[in-house]
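Take a look at the structure below.
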Amino acid sequence: MPEETLLAFDYGAKKLGVALGNTLLKQARPLDLILEPTRDGRFARIEALLNTWQPERLVVGLALATDGTEQYASQHCRRFARQLEGRFGIPVVLVDERGSSVEAQKITGNAPDDAVAAAIILQRYFDAHS
């Protein structure tokens, strides 16, 4: 299997955490925090990251209820994933993000944790595909 670069996203209505990793090292790292207030602004920042890193695959955290069922936020995550795939033509994988923000807060304290949460989501993808 050839090496792939991946970008992961922790989707939020106001913030978007971004992480980077590759299938060779299978280690995720926080990359960016997108705070653009408009959808067009967000997608412009995402496009710039895609142009820089040239990922072969994208990962989006899927917000699920604690019991694993879909919730209102799940629809927004799925819609964002479809928009990424439709706009940029890069395959998108959804990964359960339950607990990722809590884990990230333990690491960052009061600092913004969305990029760290995205790295946790991407690391889960790597761990599940080892």
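Letters A, B, ... go to the chains of the structure tokens in the order shown; residues in each chain start at 1; ligands are counted from 1 in the same order.
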Those of region 12-120 of chain A in DSSP strand (DSSP E), formatted as a list of chain:residue names: A:Leu16, A:Gly17, A:Val18, A:Ala19, A:Leu20, A:Gly21, A:Asn22, A:Arg29, A:Pro30, A:Leu31, A:Asp32, A:Leu33, A:Ile34, A:Arg57, A:Leu58, A:Val59, A:Val60, A:Gly61, A:Leu62, A:Val92, A:Val93, A:Leu94, A:Val95, A:Asp96
Can you write just those residues out, C-alpha atoms, as a short mmCIF file (atom, residue, chain, number, x, y, z; two decimals), in the first residue's frame?
data_model
loop_
_atom_site.label_atom_id
_atom_site.label_comp_id
_atom_site.auth_asym_id
_atom_site.auth_seq_id
_atom_site.Cartn_x
_atom_site.Cartn_y
_atom_site.Cartn_z
CA LEU A 16 -12.63 23.87 12.67
CA GLY A 17 -9.64 21.96 14.02
CA VAL A 18 -7.25 20.47 11.48
CA ALA A 19 -4.64 17.73 11.92
CA LEU A 20 -2.05 16.12 9.65
CA GLY A 21 -0.58 12.65 9.39
CA ASN A 22 0.54 9.96 6.98
CA ARG A 29 -0.31 16.02 14.82
CA PRO A 30 -2.35 19.20 15.26
CA LEU A 31 -1.98 21.50 12.26
CA ASP A 32 -4.34 24.47 12.27
CA LEU A 33 -7.40 26.10 13.78
CA ILE A 34 -9.76 27.72 11.30
CA ARG A 57 -7.66 11.17 1.99
CA LEU A 58 -9.58 13.32 4.47
CA VAL A 59 -10.98 12.29 7.84
CA VAL A 60 -13.91 14.05 9.51
CA GLY A 61 -14.92 13.46 13.10
CA LEU A 62 -18.50 12.23 13.39
CA VAL A 92 -13.55 11.39 2.99
CA VAL A 93 -13.81 8.94 5.88
CA LEU A 94 -15.96 9.58 8.96
CA VAL A 95 -14.51 8.57 12.34
CA ASP A 96 -16.31 8.46 15.68
#
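Shell of Lys26 (chain A) at 12 Å, with only C-alpha atoms counted and residues fewer than 3 places along the chain excluded, is Glu3, Glu4, Thr5, Leu6, Leu20, Gly21, Asn22, Thr23, Arg29, Ala119, Ile120, Leu122, Gln123, Arg124, Tyr125, Phe126, Asp127, Ala128, His129 and Ser130 of chain A.
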Let's have the selection written as a compact mmCIF listing (two decimals), in the first residue's frame, with N, CA and C atoms.
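Output file out.txt is given in full below:
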# COMPACT_ATOMS: atom_id res chain seq x y z
N GLU A 3 2.23 5.10 0.52
CA GLU A 3 2.07 6.08 1.60
C GLU A 3 1.06 7.14 1.20
N GLU A 4 0.20 7.50 2.14
CA GLU A 4 -0.80 8.54 1.92
C GLU A 4 -0.67 9.61 2.99
N THR A 5 -0.87 10.85 2.57
CA THR A 5 -0.99 11.97 3.50
C THR A 5 -2.47 12.17 3.78
N LEU A 6 -2.81 12.41 5.04
CA LEU A 6 -4.21 12.63 5.43
C LEU A 6 -4.33 13.92 6.21
N LEU A 20 -2.81 16.69 10.77
CA LEU A 20 -2.05 16.12 9.65
C LEU A 20 -1.40 14.82 10.08
N GLY A 21 -1.30 13.89 9.15
CA GLY A 21 -0.58 12.65 9.39
C GLY A 21 -0.38 11.90 8.09
N ASN A 22 0.39 10.80 8.17
CA ASN A 22 0.54 9.96 6.98
C ASN A 22 0.53 8.50 7.38
N THR A 23 0.27 7.67 6.39
CA THR A 23 0.10 6.24 6.66
C THR A 23 1.43 5.54 6.90
N ARG A 29 -0.73 14.84 14.07
CA ARG A 29 -0.31 16.02 14.82
C ARG A 29 -1.25 17.18 14.51
N ALA A 119 -6.37 15.85 15.80
CA ALA A 119 -5.27 14.89 15.82
C ALA A 119 -5.69 13.60 16.52
N ILE A 120 -6.47 13.69 17.56
CA ILE A 120 -6.97 12.50 18.26
C ILE A 120 -7.87 11.70 17.31
N LEU A 122 -7.77 11.68 14.02
CA LEU A 122 -6.91 11.07 12.99
C LEU A 122 -6.14 9.89 13.56
N GLN A 123 -5.66 10.02 14.79
CA GLN A 123 -4.93 8.90 15.41
C GLN A 123 -5.85 7.69 15.57
N ARG A 124 -7.11 7.92 15.88
CA ARG A 124 -8.07 6.81 15.96
C ARG A 124 -8.20 6.11 14.61
N TYR A 125 -8.22 6.90 13.55
CA TYR A 125 -8.28 6.32 12.20
C TYR A 125 -7.05 5.44 11.97
N PHE A 126 -5.87 5.97 12.26
CA PHE A 126 -4.65 5.19 12.06
C PHE A 126 -4.65 3.91 12.91
N ASP A 127 -5.06 4.03 14.16
CA ASP A 127 -5.07 2.86 15.06
C ASP A 127 -6.04 1.80 14.56
N ALA A 128 -7.15 2.22 13.97
CA ALA A 128 -8.15 1.26 13.47
C ALA A 128 -7.72 0.62 12.15
N HIS A 129 -6.75 1.23 11.46
CA HIS A 129 -6.32 0.73 10.15
C HIS A 129 -4.85 0.30 10.17
N SER A 130 -4.41 -0.24 11.30
CA SER A 130 -3.03 -0.70 11.42
C SER A 130 -2.86 -2.08 10.85
For Ile121 (chain A), the nearest of the candidates A:Arg42, A:Arg98, A:His76, A:Arg82, counting only C-alpha atoms: A:Arg98
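What separates CA of Arg78 (chain A) from CA of Ile90 (chain A) is a distance of 14.8 Å.
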Interatomic distance, CA of Glu97 (chain A) to CA of Ala13 (chain A) (Å, one decimal): 15.3 Å
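CA of Pro55 (chain A) lies 6.3 Å from CA of Leu7 (chain A).
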Expected answer as a ChimeraX atom specification: helix (DSSP H, G or I) residues in region 11-76 of chain A: /A:39-53,72-76
